[in-house]
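> Please find query00.txt (compact mmCIF, C-alpha atoms) on the next line:
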# COMPACT_ATOMS: atom_id res chain seq x y z
CA MET J 7 -21.90 109.88 139.69
CA PRO J 8 -21.62 106.67 137.67
CA ALA J 9 -24.46 104.23 137.99
CA ALA J 10 -24.17 101.38 140.43
CA ASN J 11 -22.39 98.38 138.93
CA ALA J 12 -20.40 95.35 139.95
CA HIS J 13 -16.91 96.84 139.78
CA PRO J 14 -14.82 96.14 142.87
CA PRO J 15 -13.36 99.14 144.73
CA PHE J 16 -10.54 100.61 142.62
CA GLN J 17 -8.26 100.39 145.65
CA ALA J 18 -8.46 96.59 145.37
CA LEU J 19 -6.95 96.78 141.86
CA VAL J 20 -4.16 99.02 143.11
CA GLU J 21 -3.35 96.59 145.93
CA ALA J 22 -3.52 93.48 143.77
CA HIS J 23 -1.56 94.73 140.75
CA ALA J 24 0.71 97.65 141.71
CA THR J 25 3.74 95.40 142.09
CA ASP J 26 3.36 93.81 138.65
CA VAL J 27 2.67 97.14 136.96
CA ALA J 28 5.68 98.70 138.71
CA ARG J 29 7.96 95.84 137.60
CA PHE J 30 6.74 96.13 134.05
CA LEU J 31 7.32 99.89 133.97
CA ARG J 32 10.77 99.60 135.55
CA GLY J 33 11.63 97.13 132.82
CA MET J 34 10.23 99.41 130.13
CA VAL J 35 11.45 102.88 131.12
CA GLY J 36 13.93 102.40 133.97
CA ALA J 37 13.39 102.68 137.72
CA GLU J 38 13.32 106.45 137.96
CA ALA J 39 10.81 107.22 135.22
CA ALA J 40 8.73 104.25 136.36
CA GLU J 41 7.62 106.06 139.53
CA ASP J 42 5.70 108.76 137.68
CA ALA J 43 4.56 106.34 135.02
CA LEU J 44 3.10 104.09 137.73
CA GLN J 45 0.92 106.88 139.09
CA ASP J 46 -0.02 108.00 135.56
CA THR J 47 -1.04 104.45 134.71
CA PHE J 48 -3.36 104.09 137.67
CA LEU J 49 -4.79 107.57 137.18
CA ALA J 50 -5.60 106.77 133.54
CA ALA J 51 -7.11 103.47 134.70
CA LEU J 52 -9.25 105.24 137.31
CA ARG J 53 -10.50 107.59 134.59
CA ALA J 54 -11.44 104.67 132.36
CA TYR J 55 -12.65 102.38 135.16
CA PRO J 56 -16.43 102.72 134.72
CA GLY J 57 -16.07 101.52 131.11
CA PHE J 58 -13.80 98.59 131.96
CA ASP J 59 -15.48 95.23 131.33
CA GLY J 60 -13.99 93.73 134.48
CA SER J 61 -12.72 90.56 132.85
CA ASN J 62 -8.91 90.72 133.23
CA PRO J 63 -7.74 93.64 135.36
CA ARG J 64 -4.04 92.77 135.19
CA ALA J 65 -4.00 92.62 131.39
CA TRP J 66 -6.06 95.82 131.26
CA LEU J 67 -3.68 97.67 133.58
CA LEU J 68 -0.60 96.38 131.76
CA THR J 69 -2.03 97.57 128.44
CA ILE J 70 -2.47 101.07 129.89
CA ALA J 71 1.03 100.86 131.41
CA ARG J 72 2.50 99.92 128.06
CA ASN J 73 0.96 103.00 126.45
CA LYS J 74 2.35 105.16 129.27
CA ALA J 75 5.79 103.61 128.72
CA ILE J 76 5.65 104.38 125.01
CA ASP J 77 4.66 108.01 125.79
CA GLU J 78 7.44 108.24 128.32
CA ARG J 79 10.15 106.98 125.95
CA ARG J 80 8.93 109.26 123.19
CA ARG J 81 9.11 112.21 125.52
CA LYS J 82 12.49 111.42 126.99
CA ARG J 83 15.65 110.95 124.96
CA PRO J 84 18.27 109.68 125.33
CA GLU J 85 17.40 106.22 126.59
CA PRO J 86 16.95 106.06 130.34
CA PHE J 87 19.02 102.90 130.44
CA ALA J 88 22.72 102.62 131.10
CA ASP J 89 25.04 102.70 128.13
CA VAL J 90 24.57 99.20 126.78
CA ASP J 91 27.76 98.90 124.74
CA GLY J 92 29.86 100.16 127.61
CA ILE J 93 28.44 97.68 130.07
CA VAL J 94 28.57 94.77 127.65
CA ALA J 95 32.15 95.64 126.68
CA ARG J 96 33.25 95.50 130.29
CA GLY J 97 32.32 91.86 130.32
CA GLY J 98 30.54 89.45 132.56
CA SER J 99 32.90 89.08 135.46
CA ALA J 100 32.36 92.66 136.55
CA GLN J 101 28.59 92.25 136.13
CA PRO J 102 27.59 89.28 138.20
CA ASP J 103 24.07 90.61 138.68
CA GLY J 104 23.03 90.51 135.04
CA GLU J 105 23.16 94.27 134.70
CA ALA J 106 24.64 94.00 131.22
CA LEU J 107 21.95 91.61 130.15
CA TRP J 108 19.18 93.81 131.45
CA ALA J 109 20.69 96.93 129.94
CA ALA J 110 20.60 95.16 126.58
CA VAL J 111 16.90 94.43 127.12
CA GLY J 112 16.40 98.18 127.36
CA SER J 113 17.67 98.58 123.83
CA LEU J 114 15.28 96.07 122.26
CA PRO J 115 12.48 97.33 120.03
CA GLN J 116 9.42 98.26 122.10
CA LYS J 117 7.30 95.20 121.30
CA GLN J 118 10.07 92.71 121.99
CA ARG J 119 11.07 94.57 125.11
CA ALA J 120 7.51 94.52 126.45
CA ALA J 121 7.20 90.81 125.73
CA VAL J 122 10.56 90.01 127.35
CA VAL J 123 9.75 92.10 130.44
CA LEU J 124 6.32 90.49 130.84
CA ARG J 125 7.74 87.02 130.39
CA PHE J 126 10.77 87.29 132.66
CA ALA J 127 10.24 90.18 135.10
CA LEU J 128 6.58 89.33 135.78
CA ASP J 129 7.04 85.62 135.13
CA LEU J 130 3.91 85.47 132.96
CA ARG J 131 2.96 82.56 130.72
CA TYR J 132 2.90 83.24 126.99
CA ARG J 133 -0.88 83.26 127.03
CA GLU J 134 -0.83 85.99 129.71
CA VAL J 135 1.85 87.94 127.84
CA GLY J 136 -0.44 87.83 124.83
CA GLU J 137 -3.42 89.04 126.88
CA ALA J 138 -1.43 91.99 128.20
CA MET J 139 -0.22 92.87 124.70
CA GLY J 140 -3.49 92.30 122.90
CA THR J 141 -1.98 89.56 120.74
CA SER J 142 -2.21 85.81 120.48
CA GLU J 143 -0.19 83.44 122.63
CA GLU J 144 1.77 82.53 119.49
CA ALA J 145 2.62 86.14 118.65
CA ALA J 146 3.71 86.70 122.25
CA ARG J 147 5.99 83.67 122.11
CA ARG J 148 7.45 84.96 118.85
CA SER J 149 8.16 88.41 120.30
CA VAL J 150 9.94 86.90 123.30
CA HIS J 151 12.03 84.63 121.10
CA GLU J 152 12.94 87.43 118.73
CA GLY J 153 13.98 89.48 121.74
CA LEU J 154 16.16 86.67 123.05
CA LYS J 155 17.68 86.24 119.61
CA SER J 156 18.66 89.91 119.50
CA LEU J 157 20.17 89.62 122.96
CA ARG J 158 22.23 86.61 121.89
CA LYS J 159 23.34 88.49 118.79
CA SER J 160 24.44 91.45 120.91
CA ASP J 161 26.35 88.93 123.05
CA ALA J 162 24.58 90.23 126.15
CA ILE J 163 23.52 86.76 127.23
CA GLU J 164 26.93 85.19 126.63
CA GLU J 165 28.74 88.06 128.25
CA VAL J 166 26.84 87.48 131.44
CA ARG J 167 27.50 83.76 131.30
CA ALA J 168 31.23 84.15 130.71
CA MET Y 25 22.38 78.12 134.19
CA SER Y 26 19.59 78.01 131.64
CA GLU Y 27 18.78 81.04 129.60
CA THR Y 28 15.31 81.31 131.17
CA VAL Y 29 16.65 81.17 134.71
CA GLU Y 30 19.34 83.66 133.82
CA MET Y 31 16.81 86.05 132.29
CA LYS Y 32 14.46 85.78 135.25
CA ARG Y 33 17.25 86.40 137.70
CA ALA Y 34 18.48 89.47 135.83
CA ALA Y 35 14.91 90.73 135.46
CA ARG Y 36 14.16 90.34 139.15
CA ARG Y 37 17.26 92.30 140.08
CA ALA Y 38 16.56 95.06 137.61
CA THR Y 39 12.83 95.50 138.22
CA GLY Y 40 12.29 94.28 141.79
CA GLY Y 41 11.71 96.42 144.82
CA GLU Y 42 8.69 97.06 146.99
CA VAL Y 43 5.96 99.44 146.00
CA ASP Y 44 4.83 101.61 148.92
CA LEU Y 45 1.09 101.10 148.50
CA GLY Y 46 0.12 103.72 151.05
CA GLU Y 47 2.22 106.32 149.32
CA LEU Y 48 0.98 105.32 145.87
CA SER Y 49 -2.70 105.45 146.75
CA ALA Y 50 -2.35 108.73 148.66
CA ALA Y 51 -0.58 110.36 145.69
CA LEU Y 52 -3.08 108.81 143.33
CA GLY Y 53 -5.94 110.02 145.51
CA ALA Y 54 -4.64 113.59 145.49
CA ALA Y 55 -4.25 113.60 141.70
CA ALA Y 56 -7.65 111.97 141.25
CA ALA Y 57 -9.39 114.43 143.57
CA GLU Y 58 -7.94 117.31 141.55
CA GLU Y 59 -9.47 115.81 138.41
CA GLY Y 60 -12.81 115.13 140.09
CA LEU Y 61 -12.23 111.37 139.80
CA LEU Y 62 -12.15 110.50 143.48
CA ASP Y 63 -15.79 109.59 144.14
CA ILE Y 64 -14.99 108.01 147.52
CA ALA Y 65 -11.91 108.48 149.70
CA TYR Y 66 -11.51 106.31 152.76
CA CYS Y 67 -9.04 105.77 155.57
CA GLU Y 68 -8.76 104.15 158.94
CA VAL Y 69 -9.12 106.29 162.05
CA ASP Y 70 -7.78 105.12 165.40
CA SER Y 71 -10.08 105.69 168.36
CA PRO Y 72 -10.53 104.45 171.95
CA VAL Y 73 -13.40 102.24 170.72
CA GLY Y 74 -11.23 100.62 168.06
CA GLN Y 75 -10.18 101.31 164.50
CA LEU Y 76 -12.94 103.08 162.55
CA LEU Y 77 -13.21 103.12 158.77
CA ALA Y 78 -14.23 106.55 157.46
CA ALA Y 79 -15.42 107.11 153.89
CA ALA Y 80 -16.23 110.45 152.26
CA THR Y 81 -17.59 111.59 148.91
CA PRO Y 82 -16.96 115.13 147.67
CA ALA Y 83 -20.27 116.01 149.41
CA GLY Y 84 -19.12 114.88 152.84
CA LEU Y 85 -18.69 111.98 155.23
CA VAL Y 86 -20.86 109.14 153.92
CA GLN Y 87 -19.98 106.24 156.23
CA LEU Y 88 -18.16 105.43 159.43
CA GLY Y 89 -17.58 101.72 160.02
CA TYR Y 90 -16.98 100.02 163.35
CA PRO Y 91 -14.23 97.45 163.92
CA ASN Y 92 -16.88 94.71 164.15
CA GLN Y 93 -17.94 95.43 160.55
CA SER Y 94 -16.03 93.81 157.70
CA ARG Y 95 -13.83 96.36 155.98
CA ASP Y 96 -13.95 94.55 152.63
CA GLU Y 97 -17.71 94.18 152.72
CA MET Y 98 -18.21 97.83 153.54
CA LEU Y 99 -15.93 98.96 150.71
CA ALA Y 100 -17.51 96.55 148.21
CA ALA Y 101 -20.97 97.84 149.17
CA LEU Y 102 -19.84 101.46 148.76
CA ALA Y 103 -18.35 100.61 145.35
CA GLN Y 104 -21.64 99.11 144.31
CA ARG Y 105 -24.05 101.65 145.79
CA ILE Y 106 -22.12 104.86 145.06
CA SER Y 107 -19.10 104.40 142.81
CA PRO Y 108 -16.16 102.01 142.35
CA ARG Y 109 -13.83 105.00 142.01
CA LEU Y 110 -12.77 104.48 145.56
CA LEU Y 111 -9.27 104.92 147.00
CA GLU Y 112 -7.54 104.85 150.35
CA ALA Y 113 -6.69 108.54 150.40
CA PRO Y 114 -6.53 110.07 153.89
CA ALA Y 115 -6.37 113.77 152.92
CA ARG Y 116 -10.13 114.22 152.47
CA LEU Y 117 -10.73 112.64 155.86
CA ASP Y 118 -8.40 114.99 157.78
CA PRO Y 119 -11.26 117.01 159.33
CA VAL Y 120 -13.07 113.81 160.30
CA ARG Y 121 -10.02 112.43 162.03
CA ARG Y 122 -9.37 115.74 163.81
CA GLU Y 123 -12.93 116.14 165.10
CA LEU Y 124 -13.13 112.53 166.25
CA ASP Y 125 -9.82 112.91 168.09
CA GLU Y 126 -11.15 116.03 169.81
CA TYR Y 127 -14.42 114.32 170.68
CA PHE Y 128 -12.71 111.32 172.26
CA ALA Y 129 -10.30 113.64 174.11
CA GLY Y 130 -13.32 115.40 175.66
CA LYS Y 131 -12.61 118.63 173.79
CA ARG Y 132 -15.52 118.61 171.37
CA GLN Y 133 -19.24 118.27 171.99
CA ARG Y 134 -20.56 119.02 168.51
CA PHE Y 135 -19.35 117.87 165.10
CA ASP Y 136 -19.07 120.47 162.33
CA LEU Y 137 -18.54 118.00 159.50
CA ARG Y 138 -20.32 117.99 156.17
CA LEU Y 139 -22.38 114.81 155.87
CA ASP Y 140 -23.49 112.95 152.77
CA TRP Y 141 -26.84 111.30 153.54
CA GLN Y 142 -27.17 109.35 150.31
CA LEU Y 143 -26.98 105.90 151.95
CA THR Y 144 -30.29 106.59 153.68
CA SER Y 145 -33.66 107.79 152.49
CA GLY Y 146 -37.27 108.43 153.53
CA PHE Y 147 -38.33 107.86 157.11
CA ARG Y 148 -34.95 106.38 158.04
CA GLN Y 149 -33.12 109.48 156.91
CA GLN Y 150 -35.70 111.62 158.73
CA VAL Y 151 -35.03 109.75 161.99
CA LEU Y 152 -31.25 110.02 161.52
CA ARG Y 153 -31.39 113.74 160.80
CA GLU Y 154 -33.39 114.24 163.98
CA THR Y 155 -30.86 112.09 165.81
CA ALA Y 156 -28.01 114.28 164.56
CA ALA Y 157 -29.61 117.14 166.49
CA ILE Y 158 -29.62 115.42 169.92
CA PRO Y 159 -27.16 117.43 172.01
CA PHE Y 160 -24.04 115.96 173.62
CA GLY Y 161 -24.71 114.31 176.96
CA GLU Y 162 -28.48 114.02 176.45
CA THR Y 163 -30.52 110.95 175.57
CA ARG Y 164 -33.84 110.26 173.87
CA THR Y 165 -36.07 107.20 173.54
CA TYR Y 166 -36.92 105.32 170.35
CA MET Y 167 -40.48 106.52 170.80
CA GLU Y 168 -39.40 110.14 171.01
CA MET Y 169 -37.34 109.76 167.84
CA ALA Y 170 -40.30 108.24 166.01
CA ALA Y 171 -42.44 111.16 167.12
CA SER Y 172 -39.94 113.81 166.11
CA ALA Y 173 -39.65 112.18 162.68
CA GLY Y 174 -43.43 112.55 162.38
CA SER Y 175 -44.68 109.00 163.16
CA PRO Y 176 -45.15 108.61 166.92
CA ARG Y 177 -46.27 104.99 166.64
CA ALA Y 178 -43.34 103.89 164.47
CA HIS Y 179 -40.88 103.28 167.29
CA ARG Y 180 -39.83 99.91 165.84
CA ALA Y 181 -39.13 101.51 162.48
CA ALA Y 182 -37.22 104.24 164.29
CA GLY Y 183 -35.16 101.55 166.01
CA SER Y 184 -34.32 99.90 162.73
CA ALA Y 185 -33.49 103.30 161.19
CA LEU Y 186 -31.01 103.88 164.00
CA GLY Y 187 -29.66 100.35 163.55
CA SER Y 188 -28.93 101.16 159.92
CA ASN Y 189 -27.14 104.42 160.77
CA PRO Y 190 -24.23 104.63 158.29
CA ILE Y 191 -22.49 107.42 160.24
CA PRO Y 192 -22.50 106.41 163.92
CA ILE Y 193 -20.84 108.57 166.62
CA ILE Y 194 -21.15 111.64 164.36
CA VAL Y 195 -24.88 110.96 164.00
CA PRO Y 196 -25.20 109.99 167.67
CA CYS Y 197 -27.57 107.05 167.62
CA HIS Y 198 -25.89 105.95 170.86
CA ARG Y 199 -27.94 108.71 172.54
CA VAL Y 200 -31.18 106.86 171.83
CA LEU Y 201 -32.28 104.41 174.54
CA ARG Y 202 -35.26 102.23 175.41
CA SER Y 203 -38.18 103.85 177.17
CA GLY Y 204 -37.54 101.99 180.42
CA GLY Y 205 -33.95 103.25 180.47
CA GLY Y 206 -32.45 100.07 178.94
CA LEU Y 207 -29.60 100.60 176.52
CA GLY Y 208 -31.42 99.10 173.53
CA GLY Y 209 -29.20 97.92 170.68
CA TYR Y 210 -26.08 99.20 168.98
CA GLY Y 211 -24.38 98.34 165.71
CA GLY Y 212 -20.91 98.78 167.16
CA GLY Y 213 -21.74 96.55 170.13
CA LEU Y 214 -23.30 97.52 173.47
CA ASP Y 215 -19.90 97.99 175.12
CA VAL Y 216 -19.18 100.79 172.68
CA LYS Y 217 -22.58 102.38 173.30
CA ARG Y 218 -21.92 102.31 177.04
CA GLU Y 219 -18.44 103.74 176.56
CA LEU Y 220 -19.71 106.64 174.45
CA LEU Y 221 -22.50 107.49 176.91
CA THR Y 222 -20.01 107.35 179.77
CA LEU Y 223 -17.63 109.64 177.91
CA GLU Y 224 -20.51 112.10 177.52
CA GLY Y 225 -21.47 111.82 181.18
CA ALA Y 226 -24.93 110.51 180.24
CA LEU Y 227 -24.60 107.22 182.13
Mind converting the file's structure to structure tokens?


Amino acid sequence: MPAANAHPPFQALVEAHATDVARFLRGMVGAEAAEDALQDTFLAALRAYPGFDGSNPRAWLLTIARNKAIDERRRKRPEPFADVDGIVARGGSAQPDGEALWAAVGSLPQKQRAAVVLRFALDLRYREVGEAMGTSEEAARRSVHEGLKSLRKSDAIEEVRA
Amino acid sequence: MSETVEMKRAARRATGGEVDLGELSAALGAAAAEEGLLDIAYCEVDSPVGQLLAAATPAGLVQLGYPNQSRDEMLAALAQRISPRLLEAPARLDPVRRELDEYFAGKRQRFDLRLDWQLTSGFRQQVLRETAAIPFGETRTYMEMAASAGSPRAHRAAGSALGSNPIPIIVPCHRVLRSGGGLGGYGGGLDVKRELLTLEGAL
């Protein structure tokens, strides 16, 4: 068994962060695939737990979750998201819940998507987005803005507003 | 509506929804146990003397906590003394729950559970192992326990060993009384000690 150390019970991490990790994964791979990915994330974290430095459990878990999301999307094609063009083409009035907008997020490049999901679904500050992505606050801000720019270009944001 | 508000609203709708924590940790616990990663599984067990907190390593039941003990403190101490790979995963505790239910229903007089003694050592463990052998419905004195652990004069040390019992009820320290017939002490509270002795017909 691992030597005694100051790590809190792993269950405490599950209880404190499962909701954020689940939101992030739903944003990254869709609700259905997120269920398995959530368990895989925490299992991988449990495996690595004795070596974790304990400093920022949420960022640590989100980093593991992001790797699981990348694995998941590599494994599964086509995209688990709804057909973006179809939804966007149908226009905003039929999509009052922002479904078109969020479907477009699913088609963003991985880094931008992760940044956008962390910023808006988890409501993280840019500094925290950076911590979860292993980048600077500035790089995190840039990724979010690039993501938003792509969404504007694809008209997803305007379609929802219309 | 600002772009940020709009994005947050859409994100909440698309990614919201409750996570069933009980379900997640049980599934996680099962997968972890299969991989040998579940160093401690714990769960709550309802009983007539209140909600007990049972914790088991792969070797066996390592601790049973009374309602008057802080759940968080007990789990934090287990994480520190044994391993932080600790999950609320009831499956491993199924036999514990079953045998406790039977005991409280008056259908079981002896526990057949595997015990992990690692939270105790030396003379204390000696006293507790002797205590585990006191039959249902019988009582001993602190002095007798000290003697059977090999130090007849160490009745105070025997008392403190019993006070530190990490697995009460199963290791029946409630069956140890003062020489004059007084109840002595009890970690779970004297009411619980009295209730257990009454259940066993020893009072």

> What is the atom CA of Thr163 of chain Y-atom CA of Val195 of chain Y distance in Å, reported with one decimal?

12.9 Å

> Between Y:Val120, Y:Leu207, Y:Val216, Y:Ala226, which one has atoms that come closest to Cys67 of chain Y, using only C-alpha atoms?

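Of all the options, Y:Val120 lies closest to Cys67 of chain Y.
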
> Between atom CA of Ile191 of chain Y and atom CA of Pro14 of chain J, what is the distance, to one decimal in Å?

22.1 Å

> I'd like the neighbourhood of Ala56 of chain Y as a PDB file with C-alpha atoms, in the coordinates of the input, where a residue qualifies if any of its atoms comes within 12 Å (using all atoms listed in the file), though same-chain residues fewer than 3 positions away should be ignored.


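Dumped to around17.pdb:
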ATOM      1  CA  PHE J  16     -10.540 100.610 142.620  1.00  0.00           C
ATOM      2  CA  GLN J  45       0.920 106.880 139.090  1.00  0.00           C
ATOM      3  CA  ASP J  46      -0.020 108.000 135.560  1.00  0.00           C
ATOM      4  CA  THR J  47      -1.040 104.450 134.710  1.00  0.00           C
ATOM      5  CA  PHE J  48      -3.360 104.090 137.670  1.00  0.00           C
ATOM      6  CA  LEU J  49      -4.790 107.570 137.180  1.00  0.00           C
ATOM      7  CA  ALA J  50      -5.600 106.770 133.540  1.00  0.00           C
ATOM      8  CA  ALA J  51      -7.110 103.470 134.700  1.00  0.00           C
ATOM      9  CA  LEU J  52      -9.250 105.240 137.310  1.00  0.00           C
ATOM     10  CA  ARG J  53     -10.500 107.590 134.590  1.00  0.00           C
TER      11      ARG J  53
ATOM     12  CA  LEU Y  48       0.980 105.320 145.870  1.00  0.00           C
ATOM     13  CA  SER Y  49      -2.700 105.450 146.750  1.00  0.00           C
ATOM     14  CA  ALA Y  50      -2.350 108.730 148.660  1.00  0.00           C
ATOM     15  CA  ALA Y  51      -0.580 110.360 145.690  1.00  0.00           C
ATOM     16  CA  LEU Y  52      -3.080 108.810 143.330  1.00  0.00           C
ATOM     17  CA  GLY Y  53      -5.940 110.020 145.510  1.00  0.00           C
ATOM     18  CA  GLU Y  59      -9.470 115.810 138.410  1.00  0.00           C
ATOM     19  CA  GLY Y  60     -12.810 115.130 140.090  1.00  0.00           C
ATOM     20  CA  LEU Y  61     -12.230 111.370 139.800  1.00  0.00           C
ATOM     21  CA  LEU Y  62     -12.150 110.500 143.480  1.00  0.00           C
ATOM     22  CA  ASP Y  63     -15.790 109.590 144.140  1.00  0.00           C
ATOM     23  CA  ILE Y  64     -14.990 108.010 147.520  1.00  0.00           C
ATOM     24  CA  ALA Y  65     -11.910 108.480 149.700  1.00  0.00           C
ATOM     25  CA  PRO Y  82     -16.960 115.130 147.670  1.00  0.00           C
ATOM     26  CA  ARG Y 109     -13.830 105.000 142.010  1.00  0.00           C
ATOM     27  CA  LEU Y 110     -12.770 104.480 145.560  1.00  0.00           C
ATOM     28  CA  LEU Y 111      -9.270 104.920 147.000  1.00  0.00           C
ATOM     29  CA  GLU Y 112      -7.540 104.850 150.350  1.00  0.00           C
ATOM     30  CA  ALA Y 113      -6.690 108.540 150.400  1.00  0.00           C
ATOM     31  CA  ALA Y 115      -6.370 113.770 152.920  1.00  0.00           C
ATOM     32  CA  ARG Y 116     -10.130 114.220 152.470  1.00  0.00           C
TER      33      ARG Y 116
END

> As an exercise, work out the distance from atom CA of Glu154 of chain Y to atom CA of Ala185 of chain Y in Å and give it to one decimal place.

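Separating atom CA of Glu154 of chain Y from atom CA of Ala185 of chain Y is a distance of 11.3 Å.
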
> Return the single residue from Y:Leu85, Y:Arg105, Y:Tyr90, Y:Leu221 that is closest to chain J, with distances computed using only C-alpha atoms.

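So, comparing all the options, the nearest one is Y:Arg105.
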
> Restrict the calculation to only C-alpha atoms, then for each residue of chain J with any atom at most 8 Å from an atom of chain Y give the closest atom pair and their distance in Å to one decimal, rows by chain and rising residue number, as JSON lines.


{"residue": "J:Met7", "atom": "CA", "partner": "Y:Ser107", "partner_atom": "CA", "distance": 6.9}
{"residue": "J:Pro8", "atom": "CA", "partner": "Y:Ser107", "partner_atom": "CA", "distance": 6.2}
{"residue": "J:Ala9", "atom": "CA", "partner": "Y:Ser107", "partner_atom": "CA", "distance": 7.2}
{"residue": "J:Ala10", "atom": "CA", "partner": "Y:Gln104", "partner_atom": "CA", "distance": 5.2}
{"residue": "J:Asn11", "atom": "CA", "partner": "Y:Gln104", "partner_atom": "CA", "distance": 5.5}
{"residue": "J:Ala12", "atom": "CA", "partner": "Y:Gln104", "partner_atom": "CA", "distance": 5.9}
{"residue": "J:His13", "atom": "CA", "partner": "Y:Pro108", "partner_atom": "CA", "distance": 5.8}
{"residue": "J:Pro14", "atom": "CA", "partner": "Y:Ala100", "partner_atom": "CA", "distance": 6.0}
{"residue": "J:Pro15", "atom": "CA", "partner": "Y:Pro108", "partner_atom": "CA", "distance": 4.7}
{"residue": "J:Phe16", "atom": "CA", "partner": "Y:Leu110", "partner_atom": "CA", "distance": 5.3}
{"residue": "J:Gln17", "atom": "CA", "partner": "Y:Leu111", "partner_atom": "CA", "distance": 4.8}
{"residue": "J:Val20", "atom": "CA", "partner": "Y:Ser49", "partner_atom": "CA", "distance": 7.5}
{"residue": "J:Glu21", "atom": "CA", "partner": "Y:Leu45", "partner_atom": "CA", "distance": 6.8}
{"residue": "J:Ala24", "atom": "CA", "partner": "Y:Val43", "partner_atom": "CA", "distance": 7.0}
{"residue": "J:Thr25", "atom": "CA", "partner": "Y:Val43", "partner_atom": "CA", "distance": 6.0}
{"residue": "J:Ala28", "atom": "CA", "partner": "Y:Val43", "partner_atom": "CA", "distance": 7.3}
{"residue": "J:Arg29", "atom": "CA", "partner": "Y:Thr39", "partner_atom": "CA", "distance": 4.9}
{"residue": "J:Phe30", "atom": "CA", "partner": "Y:Thr39", "partner_atom": "CA", "distance": 7.4}
{"residue": "J:Arg32", "atom": "CA", "partner": "Y:Thr39", "partner_atom": "CA", "distance": 5.3}
{"residue": "J:Gly33", "atom": "CA", "partner": "Y:Thr39", "partner_atom": "CA", "distance": 5.8}
{"residue": "J:Ala37", "atom": "CA", "partner": "Y:Thr39", "partner_atom": "CA", "distance": 7.2}
{"residue": "J:Gln45", "atom": "CA", "partner": "Y:Leu52", "partner_atom": "CA", "distance": 6.1}
{"residue": "J:Phe48", "atom": "CA", "partner": "Y:Leu52", "partner_atom": "CA", "distance": 7.4}
{"residue": "J:Leu49", "atom": "CA", "partner": "Y:Leu52", "partner_atom": "CA", "distance": 6.5}
{"residue": "J:Leu52", "atom": "CA", "partner": "Y:Arg109", "partner_atom": "CA", "distance": 6.6}
{"residue": "J:Arg53", "atom": "CA", "partner": "Y:Leu61", "partner_atom": "CA", "distance": 6.7}
{"residue": "J:Tyr55", "atom": "CA", "partner": "Y:Arg109", "partner_atom": "CA", "distance": 7.4}
{"residue": "J:Pro56", "atom": "CA", "partner": "Y:Pro108", "partner_atom": "CA", "distance": 7.7}
{"residue": "J:Asp103", "atom": "CA", "partner": "Y:Ala34", "partner_atom": "CA", "distance": 6.4}
{"residue": "J:Gly104", "atom": "CA", "partner": "Y:Ala34", "partner_atom": "CA", "distance": 4.7}
{"residue": "J:Glu105", "atom": "CA", "partner": "Y:Ala34", "partner_atom": "CA", "distance": 6.8}
{"residue": "J:Leu107", "atom": "CA", "partner": "Y:Ala34", "partner_atom": "CA", "distance": 7.0}
{"residue": "J:Trp108", "atom": "CA", "partner": "Y:Ala34", "partner_atom": "CA", "distance": 6.2}
{"residue": "J:Val123", "atom": "CA", "partner": "Y:Ala35", "partner_atom": "CA", "distance": 7.3}
{"residue": "J:Phe126", "atom": "CA", "partner": "Y:Lys32", "partner_atom": "CA", "distance": 4.8}
{"residue": "J:Ala127", "atom": "CA", "partner": "Y:Ala35", "partner_atom": "CA", "distance": 4.7}
{"residue": "J:Asp129", "atom": "CA", "partner": "Y:Lys32", "partner_atom": "CA", "distance": 7.4}
{"residue": "J:Ile163", "atom": "CA", "partner": "Y:Glu27", "partner_atom": "CA", "distance": 7.8}

> Taking into account only C-alpha atoms, which residue in the set J:Ile70, J:Asp26, J:Gly36, J:Arg81 is nearest to Arg125 of chain J?

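Of J:Ile70, J:Asp26, J:Gly36, J:Arg81, the one nearest Arg125 of chain J is J:Asp26, counting only C-alpha atoms.
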